[in-house]
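Here's model.pdb, which has PDB, C-alpha atoms:
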```
ATOM      1  CA  MET A  72     -17.070  14.681 132.804
ATOM      2  CA  ILE A  73     -15.491  11.642 131.238
ATOM      3  CA  ASP A  74     -18.104   9.064 130.346
ATOM      4  CA  ALA A  75     -16.518   5.939 128.932
ATOM      5  CA  VAL A  76     -12.759   5.980 128.540
ATOM      6  CA  ILE A  77     -12.530   2.571 130.161
ATOM      7  CA  PRO A  78     -15.374   0.245 129.062
ATOM      8  CA  PRO A  79     -17.685  -0.457 132.042
ATOM      9  CA  GLN A  80     -17.586  -4.225 131.485
ATOM     10  CA  SER A  81     -13.797  -4.432 131.861
ATOM     11  CA  ARG A  82     -12.866  -1.620 134.223
ATOM     12  CA  HIS A  83     -13.163  -3.718 137.393
ATOM     13  CA  ALA A  84     -11.934  -7.017 136.012
ATOM     14  CA  GLU A  85      -8.469  -6.508 137.462
ATOM     15  CA  ALA A  86      -9.827  -5.742 140.926
ATOM     16  CA  GLU A  87     -12.116  -8.770 140.803
ATOM     17  CA  GLU A  88      -9.269 -11.077 139.775
ATOM     18  CA  MET A  89      -7.092  -9.629 142.517
ATOM     19  CA  TYR A  90      -9.844 -10.136 145.099
ATOM     20  CA  ILE A  91     -10.335 -13.799 144.118
ATOM     21  CA  ALA A  92      -6.587 -14.445 144.233
ATOM     22  CA  ILE A  93      -6.299 -12.867 147.699
ATOM     23  CA  ALA A  94      -9.344 -14.707 149.072
ATOM     24  CA  ARG A  95      -7.984 -18.074 147.862
ATOM     25  CA  LYS A  96      -4.667 -17.510 149.637
ATOM     26  CA  LEU A  97      -6.201 -16.826 153.064
ATOM     27  CA  THR A  98      -5.636 -19.620 155.579
ATOM     28  CA  PRO A  99      -8.486 -20.767 157.861
ATOM     29  CA  ALA A 100      -6.707 -19.028 160.764
ATOM     30  CA  GLN A 101      -6.599 -15.760 158.835
ATOM     31  CA  GLN A 102     -10.265 -16.115 157.899
ATOM     32  CA  LEU A 103     -11.201 -16.753 161.524
ATOM     33  CA  ALA A 104      -9.192 -13.761 162.744
ATOM     34  CA  THR A 105     -10.857 -11.590 160.110
ATOM     35  CA  LEU A 106     -14.338 -12.767 161.131
ATOM     36  CA  HIS A 107     -13.471 -12.072 164.759
ATOM     37  CA  GLY A 108     -12.366  -8.555 163.838
ATOM     38  CA  LEU A 109     -15.559  -7.952 161.858
ATOM     39  CA  GLN A 110     -17.699  -9.119 164.764
ATOM     40  CA  GLN A 111     -15.889  -6.900 167.267
ATOM     41  CA  SER A 112     -16.002  -3.929 164.949
ATOM     42  CA  ALA A 113     -19.696  -4.353 164.093
ATOM     43  CA  TRP A 114     -20.536  -4.562 167.800
ATOM     44  CA  ALA A 115     -18.512  -1.455 168.662
ATOM     45  CA  LEU A 116     -19.881   0.557 165.747
ATOM     46  CA  LYS A 117     -23.471  -0.343 166.588
ATOM     47  CA  ALA A 118     -22.850   0.627 170.229
ATOM     48  CA  SER A 119     -21.380   3.975 169.124
ATOM     49  CA  MET A 120     -24.445   4.659 166.963
ATOM     50  CA  VAL A 121     -26.858   3.782 169.789
ATOM     51  CA  ARG A 122     -24.916   5.981 172.239
ATOM     52  CA  SER A 123     -24.920   8.912 169.800
ATOM     53  CA  GLU A 124     -28.675   8.647 169.231
ATOM     54  CA  HIS A 125     -29.627   7.830 172.823
ATOM     55  CA  PRO A 126     -27.142   9.478 175.204
ATOM     56  CA  GLU A 127     -29.630   8.915 178.043
ATOM     57  CA  LEU A 128     -29.153   5.122 177.948
ATOM     58  CA  SER A 129     -26.900   3.286 180.388
ATOM     59  CA  GLU A 130     -24.069   1.083 179.117
ATOM     60  CA  GLN A 131     -26.124  -1.927 180.148
ATOM     61  CA  GLU A 132     -29.044  -0.767 177.987
ATOM     62  CA  VAL A 133     -26.728  -0.005 175.064
ATOM     63  CA  ASN A 134     -25.220  -3.488 175.307
ATOM     64  CA  ARG A 135     -28.667  -5.089 175.414
ATOM     65  CA  ILE A 136     -29.738  -3.278 172.238
ATOM     66  CA  VAL A 137     -26.532  -4.277 170.460
ATOM     67  CA  ARG A 138     -26.809  -7.889 171.598
ATOM     68  CA  ASP A 139     -30.416  -8.002 170.377
ATOM     69  CA  SER A 140     -29.366  -6.640 167.002
ATOM     70  CA  PHE A 141     -27.119  -9.692 166.596
ATOM     71  CA  VAL A 142     -29.534 -12.327 167.852
ATOM     72  CA  ASP A 143     -32.747 -10.834 166.469
ATOM     73  CA  TYR A 144     -31.676 -11.098 162.842
ATOM     74  CA  THR A 145     -34.636 -12.447 160.899
ATOM     75  CA  PRO A 146     -34.013 -12.879 157.180
TER      76      PRO A 146
ATOM     77  CA  MET B 250      -0.766 -11.196 173.903
ATOM     78  CA  SER B 251      -3.774 -10.895 171.637
ATOM     79  CA  ILE B 252      -3.533  -8.980 168.407
ATOM     80  CA  ILE B 253      -6.593  -6.952 167.455
ATOM     81  CA  PRO B 254      -7.519  -7.983 163.915
ATOM     82  CA  PRO B 255      -8.012  -5.119 161.468
ATOM     83  CA  ASP B 256     -11.549  -4.039 160.642
ATOM     84  CA  LEU B 257     -13.291  -2.179 157.837
ATOM     85  CA  ILE B 258     -13.309   1.167 159.642
ATOM     86  CA  THR B 259      -9.639   1.097 160.654
ATOM     87  CA  LEU B 260      -8.515  -0.096 157.226
ATOM     88  CA  PHE B 261     -10.610   2.064 154.922
ATOM     89  CA  VAL B 262     -12.482   4.823 156.752
ATOM     90  CA  ALA B 263      -9.771   6.141 159.070
ATOM     91  CA  PRO B 264      -7.434   6.942 156.131
ATOM     92  CA  LEU B 265     -10.242   8.916 154.437
ATOM     93  CA  ASN B 266     -10.611  10.984 157.616
ATOM     94  CA  ARG B 267      -6.880  11.680 157.633
ATOM     95  CA  LEU B 268      -7.085  12.761 153.983
ATOM     96  CA  ASP B 269     -10.085  14.988 154.799
ATOM     97  CA  VAL B 270     -12.105  13.401 151.996
ATOM     98  CA  THR B 271     -15.893  13.917 151.920
ATOM     99  CA  TYR B 272     -17.434  10.449 152.229
ATOM    100  CA  MET B 273     -20.207   8.462 153.872
ATOM    101  CA  VAL B 274     -20.651   4.820 154.811
ATOM    102  CA  THR B 275     -23.658   3.206 153.176
ATOM    103  CA  GLY B 276     -24.714  -0.313 152.128
ATOM    104  CA  SER B 277     -24.810  -3.239 154.545
ATOM    105  CA  VAL B 278     -22.417  -1.755 157.106
ATOM    106  CA  ALA B 279     -24.762   1.240 157.422
ATOM    107  CA  SER B 280     -27.985  -0.803 157.422
ATOM    108  CA  GLY B 281     -26.470  -3.171 159.993
ATOM    109  CA  THR B 282     -25.419  -0.309 162.223
ATOM    110  CA  TYR B 283     -28.859   1.261 161.949
ATOM    111  CA  SER B 284     -30.746  -1.997 162.487
ATOM    112  CA  HIS B 285     -29.740  -5.680 162.594
ATOM    113  CA  ILE B 286     -26.132  -6.603 162.003
ATOM    114  CA  ARG B 287     -25.325  -8.700 158.952
ATOM    115  CA  PHE B 288     -21.726  -9.763 158.439
ATOM    116  CA  THR B 289     -20.066  -8.455 155.342
ATOM    117  CA  ASN B 290     -16.444  -8.330 154.287
ATOM    118  CA  ASP B 291     -16.786  -5.103 152.373
ATOM    119  CA  VAL B 292     -17.770  -1.564 153.182
ATOM    120  CA  ASP B 293     -19.639   0.576 150.660
ATOM    121  CA  LEU B 294     -18.586   4.200 150.639
ATOM    122  CA  VAL B 295     -19.789   7.180 148.625
ATOM    123  CA  ALA B 296     -17.110   9.817 148.144
ATOM    124  CA  VAL B 297     -16.256  13.012 146.343
ATOM    125  CA  LEU B 298     -12.640  13.321 145.229
ATOM    126  CA  SER B 299     -10.845  16.344 143.812
ATOM    127  CA  ASP B 300      -7.697  15.950 141.649
ATOM    128  CA  VAL B 301      -5.555  16.384 144.731
ATOM    129  CA  ASP B 302      -7.697  14.009 146.812
ATOM    130  CA  ALA B 303      -7.334  11.319 144.140
ATOM    131  CA  GLU B 304      -3.545  11.567 144.206
ATOM    132  CA  ARG B 305      -3.457  11.507 147.993
ATOM    133  CA  LEU B 306      -5.860   8.584 148.211
ATOM    134  CA  HIS B 307      -3.806   6.622 145.709
ATOM    135  CA  ALA B 308      -0.620   7.368 147.641
ATOM    136  CA  ALA B 309      -2.232   6.455 150.974
ATOM    137  CA  PHE B 310      -3.264   2.988 149.769
ATOM    138  CA  ASP B 311      -0.398   2.332 147.343
ATOM    139  CA  THR B 312       1.463   0.003 149.681
ATOM    140  CA  PRO B 313       2.068  -3.777 149.682
ATOM    141  CA  ALA B 314      -0.764  -4.067 152.227
ATOM    142  CA  PHE B 315      -3.436  -2.967 149.723
ATOM    143  CA  TYR B 316      -4.593  -3.382 146.180
ATOM    144  CA  VAL B 317      -5.453   0.034 144.777
ATOM    145  CA  PRO B 318      -6.247   0.792 141.110
ATOM    146  CA  PRO B 319      -3.795   2.916 139.134
ATOM    147  CA  LEU B 320      -4.215   6.666 139.559
ATOM    148  CA  ASP B 321      -5.471   7.133 135.981
ATOM    149  CA  VAL B 322      -8.281   4.625 136.633
ATOM    150  CA  ILE B 323      -9.251   6.468 139.824
ATOM    151  CA  ASN B 324      -9.344   9.712 137.867
ATOM    152  CA  VAL B 325     -11.522   8.239 135.110
ATOM    153  CA  GLU B 326     -13.931   6.748 137.636
ATOM    154  CA  ARG B 327     -14.248   9.831 139.822
ATOM    155  CA  MET B 328     -15.055  11.968 136.758
ATOM    156  CA  ARG B 329     -17.921   9.787 135.553
ATOM    157  CA  ILE B 330     -21.371  11.415 135.546
ATOM    158  CA  ALA B 331     -22.788   8.305 137.184
ATOM    159  CA  HIS B 332     -21.697   4.864 138.382
ATOM    160  CA  GLY B 333     -18.050   5.806 138.971
ATOM    161  CA  HIS B 334     -16.599   3.151 141.248
ATOM    162  CA  ILE B 335     -13.298   1.683 142.483
ATOM    163  CA  ASN B 336     -12.292  -1.162 144.816
ATOM    164  CA  LEU B 337      -9.652  -1.169 147.519
ATOM    165  CA  ILE B 338      -8.597  -4.559 148.909
ATOM    166  CA  HIS B 339      -6.594  -5.352 152.042
ATOM    167  CA  VAL B 340      -4.249  -8.172 151.104
ATOM    168  CA  ASP B 341      -3.860  -9.891 154.512
ATOM    169  CA  THR B 342      -7.576 -10.168 155.239
ATOM    170  CA  GLY B 343      -9.410  -9.932 151.900
ATOM    171  CA  LEU B 344     -11.481  -7.097 153.365
ATOM    172  CA  LYS B 345     -12.647  -4.711 150.693
ATOM    173  CA  ALA B 346     -13.976  -1.197 150.180
ATOM    174  CA  ASP B 347     -16.278  -0.345 147.287
ATOM    175  CA  ILE B 348     -15.950   3.388 146.744
ATOM    176  CA  PHE B 349     -18.699   4.930 144.614
ATOM    177  CA  PHE B 350     -18.290   8.458 143.314
ATOM    178  CA  SER B 351     -21.365  10.633 143.549
ATOM    179  CA  GLY B 352     -20.923  12.399 140.192
ATOM    180  CA  ASP B 353     -24.277  13.955 139.237
ATOM    181  CA  ASP B 354     -26.326  11.438 141.224
ATOM    182  CA  ARG B 355     -28.923  13.583 142.993
ATOM    183  CA  LEU B 356     -29.670  11.034 145.713
ATOM    184  CA  MET B 357     -26.010  10.510 146.611
ATOM    185  CA  ASN B 358     -25.311  14.244 146.689
ATOM    186  CA  GLU B 359     -28.376  14.945 148.866
ATOM    187  CA  ALA B 360     -27.293  12.191 151.242
ATOM    188  CA  LEU B 361     -23.746  13.548 151.472
ATOM    189  CA  ARG B 362     -25.205  16.896 152.522
ATOM    190  CA  MET B 363     -27.227  15.187 155.276
ATOM    191  CA  ARG B 364     -24.629  12.622 156.369
ATOM    192  CA  LYS B 365     -24.576  11.688 160.021
ATOM    193  CA  ARG B 366     -21.497  11.787 162.239
ATOM    194  CA  VAL B 367     -20.760   9.026 164.729
ATOM    195  CA  THR B 368     -17.627   8.693 166.860
ATOM    196  CA  ASP B 369     -16.492   5.093 167.270
ATOM    197  CA  GLN B 370     -14.855   3.380 170.236
ATOM    198  CA  HIS B 371     -11.381   4.543 169.148
ATOM    199  CA  GLY B 372     -12.496   8.172 168.845
ATOM    200  CA  GLU B 373     -12.545   7.849 165.057
ATOM    201  CA  THR B 374     -15.191   9.840 163.208
ATOM    202  CA  VAL B 375     -17.392   7.743 160.936
ATOM    203  CA  TRP B 376     -19.750   9.574 158.584
ATOM    204  CA  PHE B 377     -22.889   7.574 157.799
ATOM    205  CA  ALA B 378     -25.433   8.064 155.055
ATOM    206  CA  PRO B 379     -28.808   9.027 156.560
ATOM    207  CA  PRO B 380     -31.020   5.956 157.148
ATOM    208  CA  GLU B 381     -33.593   7.093 154.579
ATOM    209  CA  TYR B 382     -30.846   7.238 151.936
ATOM    210  CA  VAL B 383     -29.603   3.763 152.873
ATOM    211  CA  ILE B 384     -33.133   2.422 152.322
ATOM    212  CA  LEU B 385     -33.583   4.287 149.022
ATOM    213  CA  SER B 386     -30.201   3.146 147.797
ATOM    214  CA  LYS B 387     -31.038  -0.463 148.645
ATOM    215  CA  LEU B 388     -34.423  -0.118 146.909
ATOM    216  CA  ARG B 389     -32.579   1.040 143.826
ATOM    217  CA  TYR B 390     -30.192  -1.939 143.984
ATOM    218  CA  LEU B 391     -33.153  -4.256 144.580
ATOM    219  CA  ARG B 392     -34.863  -2.926 141.471
ATOM    220  CA  ASP B 393     -31.692  -3.316 139.412
ATOM    221  CA  SER B 394     -30.419  -6.645 140.775
ATOM    222  CA  GLY B 395     -33.358  -8.369 142.468
ATOM    223  CA  SER B 396     -31.022  -9.499 145.261
ATOM    224  CA  ALA B 397     -33.007 -10.734 148.276
ATOM    225  CA  LYS B 398     -30.421  -9.476 150.780
ATOM    226  CA  HIS B 399     -31.641  -5.939 150.126
ATOM    227  CA  ILE B 400     -35.214  -6.922 151.053
ATOM    228  CA  THR B 401     -33.975  -8.350 154.359
ATOM    229  CA  ASP B 402     -31.882  -5.262 155.118
ATOM    230  CA  ILE B 403     -34.661  -2.802 154.249
ATOM    231  CA  ARG B 404     -37.259  -4.693 156.290
ATOM    232  CA  ALA B 405     -34.901  -4.742 159.268
ATOM    233  CA  MET B 406     -34.349  -0.999 158.974
ATOM    234  CA  LEU B 407     -38.071  -0.283 158.717
ATOM    235  CA  ARG B 408     -38.756  -2.516 161.716
ATOM    236  CA  VAL B 409     -35.988  -1.138 163.937
ATOM    237  CA  ARG B 410     -35.969   2.530 162.925
ATOM    238  CA  GLY B 411     -39.770   2.736 162.705
ATOM    239  CA  ASP B 412     -41.055   6.152 163.728
ATOM    240  CA  SER B 413     -37.629   7.790 163.692
ATOM    241  CA  LEU B 414     -37.518   7.599 159.873
ATOM    242  CA  ASP B 415     -38.572  10.622 157.843
ATOM    243  CA  THR B 416     -41.444   8.789 156.167
ATOM    244  CA  GLN B 417     -42.568  11.828 154.201
ATOM    245  CA  LEU B 418     -39.126  12.166 152.609
ATOM    246  CA  LEU B 419     -38.895   8.432 152.013
ATOM    247  CA  LEU B 420     -42.259   8.165 150.269
ATOM    248  CA  ALA B 421     -41.652  11.280 148.176
ATOM    249  CA  GLU B 422     -38.329   9.879 146.956
ATOM    250  CA  VAL B 423     -39.815   6.437 146.306
ATOM    251  CA  GLU B 424     -42.289   8.107 143.965
ATOM    252  CA  ALA B 425     -39.780  10.519 142.420
ATOM    253  CA  MET B 426     -37.354   7.693 141.701
ATOM    254  CA  GLY B 427     -40.003   5.302 140.370
ATOM    255  CA  LEU B 428     -39.368   2.741 143.107
ATOM    256  CA  GLN B 429     -43.020   2.048 143.977
ATOM    257  CA  ALA B 430     -42.971  -1.579 142.770
ATOM    258  CA  VAL B 431     -39.964  -2.604 144.880
ATOM    259  CA  TRP B 432     -41.273  -0.556 147.794
ATOM    260  CA  GLU B 433     -44.513  -2.550 147.693
ATOM    261  CA  GLN B 434     -42.453  -5.750 147.481
ATOM    262  CA  VAL B 435     -40.577  -5.021 150.721
ATOM    263  CA  ARG B 436     -43.775  -3.885 152.469
ATOM    264  CA  GLU B 437     -45.562  -7.206 151.733
TER     265      GLU B 437
END
```
Would you encode the structure as structure tokens?
Amino acid sequence: MIDAVIPPQSRHAEAEEMYIAIARKLTPAQQLATLHGLQQSAWALKASMVRSEHPELSEQEVNRIVRDSFVDYTP
Amino acid sequence: MSIIPPDLITLFVAPLNRLDVTYMVTGSVASGTYSHIRFTNDVDLVAVLSDVDAERLHAAFDTPAFYVPPLDVINVERMRIAHGHINLIHVDTGLKADIFFSGDDRLMNEALRMRKRVTDQHGETVWFAPPEYVILSKLRYLRDSGSAKHITDIRAMLRVRGDSLDTQLLLAEVEAMGLQAVWEQVRE
């Protein structure tokens, strides 16, 4: 195992700089589209998980559980 | 005509399936899927990469659409005993994958052995870390960073998953990993 060829404090600096540069270039429309995609994906993934764990539930019940998981978020 | 915006699974998980890489989704995407959804623009993944896997992963993401570290960096990170880690970034959306390599980390390797398969709406397989691991991992991050988001996520998982969690396993690992103080903090 290699332990420290690249110093831990600098190994991700390039990725971090790249991420900041990309985030700054995104237009509001791109940000909105991305948020929309994240929302759709999170909903679908949660529904898939509920279906896999509770195959006995109807689609209506699955959708209710997923909807509640969005609205019942209590920090 | 509406265009479906890309998402974290399509961008980062589906290619890992095609490469036949051993991985699991953890972090906030996993805790959100197991309990209450919290928006995040990155997906945390734990993976094991062989030499060949590393080359194939680099090639798969080495396009103008993504930022991917150089292959030698991937190889250094995947060989670390602990805390090996790389980022992948999708240029058009700023969506990101944090890929952690399991190395000799006992918890990560146990979780990979017990990972949970879910098929998404597109028929794509998504391997999830077991919920107990997601909680333990977040307890570890809470201890190390103090970030309040982990408290919120863990409490949501405990509330929603409740009796379905393997409490015996969870408590044994909390003790074995010396996480009692942060465990008490989230249970307050």
Exactly which residues make up the result of the PyMOL selection byres ((chain B and resi 300) around 10) on this file, given as an mmCIF file with C-alpha atoms, keeping the file's coordinate frame?
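This went into expr-v9.cif:
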```cif
data_model
loop_
_atom_site.group_PDB
_atom_site.id
_atom_site.type_symbol
_atom_site.label_atom_id
_atom_site.label_comp_id
_atom_site.auth_asym_id
_atom_site.auth_seq_id
_atom_site.Cartn_x
_atom_site.Cartn_y
_atom_site.Cartn_z
ATOM 1 C CA LEU B 298 -12.640 13.321 145.229
ATOM 2 C CA SER B 299 -10.845 16.344 143.812
ATOM 3 C CA VAL B 301 -5.555 16.384 144.731
ATOM 4 C CA ASP B 302 -7.697 14.009 146.812
ATOM 5 C CA ALA B 303 -7.334 11.319 144.140
ATOM 6 C CA GLU B 304 -3.545 11.567 144.206
ATOM 7 C CA ARG B 305 -3.457 11.507 147.993
ATOM 8 C CA ILE B 323 -9.251 6.468 139.824
ATOM 9 C CA ASN B 324 -9.344 9.712 137.867
ATOM 10 C CA ARG B 327 -14.248 9.831 139.822
ATOM 11 C CA MET B 328 -15.055 11.968 136.758
#
```
- [ ] Residues of chain B near chain A: apply a cut-off of 6 Å, count all atoms listed in the file, and supply the list as a list of chain:residue names.
- [x] B:Pro254, B:Asp256, B:Thr282, B:His285, B:Ile286, B:Met328, B:Arg329, B:Gly343, B:Asp369, B:Thr401
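When all atoms listed in the file are used to compute distances to B:Arg287, the closest of the residues B:Val262, B:Leu257, B:Ala405, B:Leu388 turns out to be B:Ala405.
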Open item on the list: Expand the PyMOL selection byres ((chain B and resi 375) around 10) into the explicit residue set it covers here, and present it as a ChimeraX atom specification.
Closed with: /A:116,119-120 /B:258,262-263,265-266,272-274,364-369,372-374,376-378
Task: Test item: residues at most 12 Å from B:Ile400, only C-alpha atoms, excluding those fewer than 4 positions along its chain, as a list in words - done: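 Close residues of B:Ile400: Thr145 and Pro146 of chain A; Ser277, Ser280, Ile384, Leu385, Ser386, Lys387, Leu388, Arg389, Tyr390, Leu391, Arg392, Ser394, Gly395, Ser396, Arg404, Ala405, Met406, Leu407, Val431, Trp432, Glu433, Gln434, Val435, Arg436 and Glu437 of chain B.
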How would the residues just chosen look if you wrote them out with C-alpha atoms as a PDB file, keeping the file's coordinate frame?
```
ATOM      1  CA  THR A 145     -34.636 -12.447 160.899  1.00  0.00           C
ATOM      2  CA  PRO A 146     -34.013 -12.879 157.180  1.00  0.00           C
TER       3      PRO A 146
ATOM      4  CA  SER B 277     -24.810  -3.239 154.545  1.00  0.00           C
ATOM      5  CA  SER B 280     -27.985  -0.803 157.422  1.00  0.00           C
ATOM      6  CA  ILE B 384     -33.133   2.422 152.322  1.00  0.00           C
ATOM      7  CA  LEU B 385     -33.583   4.287 149.022  1.00  0.00           C
ATOM      8  CA  SER B 386     -30.201   3.146 147.797  1.00  0.00           C
ATOM      9  CA  LYS B 387     -31.038  -0.463 148.645  1.00  0.00           C
ATOM     10  CA  LEU B 388     -34.423  -0.118 146.909  1.00  0.00           C
ATOM     11  CA  ARG B 389     -32.579   1.040 143.826  1.00  0.00           C
ATOM     12  CA  TYR B 390     -30.192  -1.939 143.984  1.00  0.00           C
ATOM     13  CA  LEU B 391     -33.153  -4.256 144.580  1.00  0.00           C
ATOM     14  CA  ARG B 392     -34.863  -2.926 141.471  1.00  0.00           C
ATOM     15  CA  SER B 394     -30.419  -6.645 140.775  1.00  0.00           C
ATOM     16  CA  GLY B 395     -33.358  -8.369 142.468  1.00  0.00           C
ATOM     17  CA  SER B 396     -31.022  -9.499 145.261  1.00  0.00           C
ATOM     18  CA  ARG B 404     -37.259  -4.693 156.290  1.00  0.00           C
ATOM     19  CA  ALA B 405     -34.901  -4.742 159.268  1.00  0.00           C
ATOM     20  CA  MET B 406     -34.349  -0.999 158.974  1.00  0.00           C
ATOM     21  CA  LEU B 407     -38.071  -0.283 158.717  1.00  0.00           C
ATOM     22  CA  VAL B 431     -39.964  -2.604 144.880  1.00  0.00           C
ATOM     23  CA  TRP B 432     -41.273  -0.556 147.794  1.00  0.00           C
ATOM     24  CA  GLU B 433     -44.513  -2.550 147.693  1.00  0.00           C
ATOM     25  CA  GLN B 434     -42.453  -5.750 147.481  1.00  0.00           C
ATOM     26  CA  VAL B 435     -40.577  -5.021 150.721  1.00  0.00           C
ATOM     27  CA  ARG B 436     -43.775  -3.885 152.469  1.00  0.00           C
ATOM     28  CA  GLU B 437     -45.562  -7.206 151.733  1.00  0.00           C
TER      29      GLU B 437
END
```
- [ ] Calculate how many Å separate atom CA of B:Phe349 from atom CA of B:Val270, rounding to one decimal.
- [x]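 Answer for the atom CA of B:Phe349 to atom CA of B:Val270 separation: 13.0 Å.
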- [ ] Run the PyMOL selection byres ((chain B and resi 353) around 10) on the file and write out the hits as a ChimeraX atom specification.
- [x] /A:72 /B:328-332,350-352,354-358
Open item on the list: My list of candidates is B:Val295, B:Ile338, B:Val325, B:Leu414. Which is closest to A:Glu88 when distances are computed with all atoms listed in the file?
Closed with: B:Ile338
Open item on the list: What's the separation between atom CA of B:Asp341 and atom CA of B:Ala308, in Å to one decimal place?
Closed with: 18.9 Å
Task: Length of the atom CA of B:Val409 to atom CA of B:Phe261 vector [Å] - done: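 Spanning atom CA of B:Val409 to atom CA of B:Phe261 is a straight-line distance of 27.1 Å.
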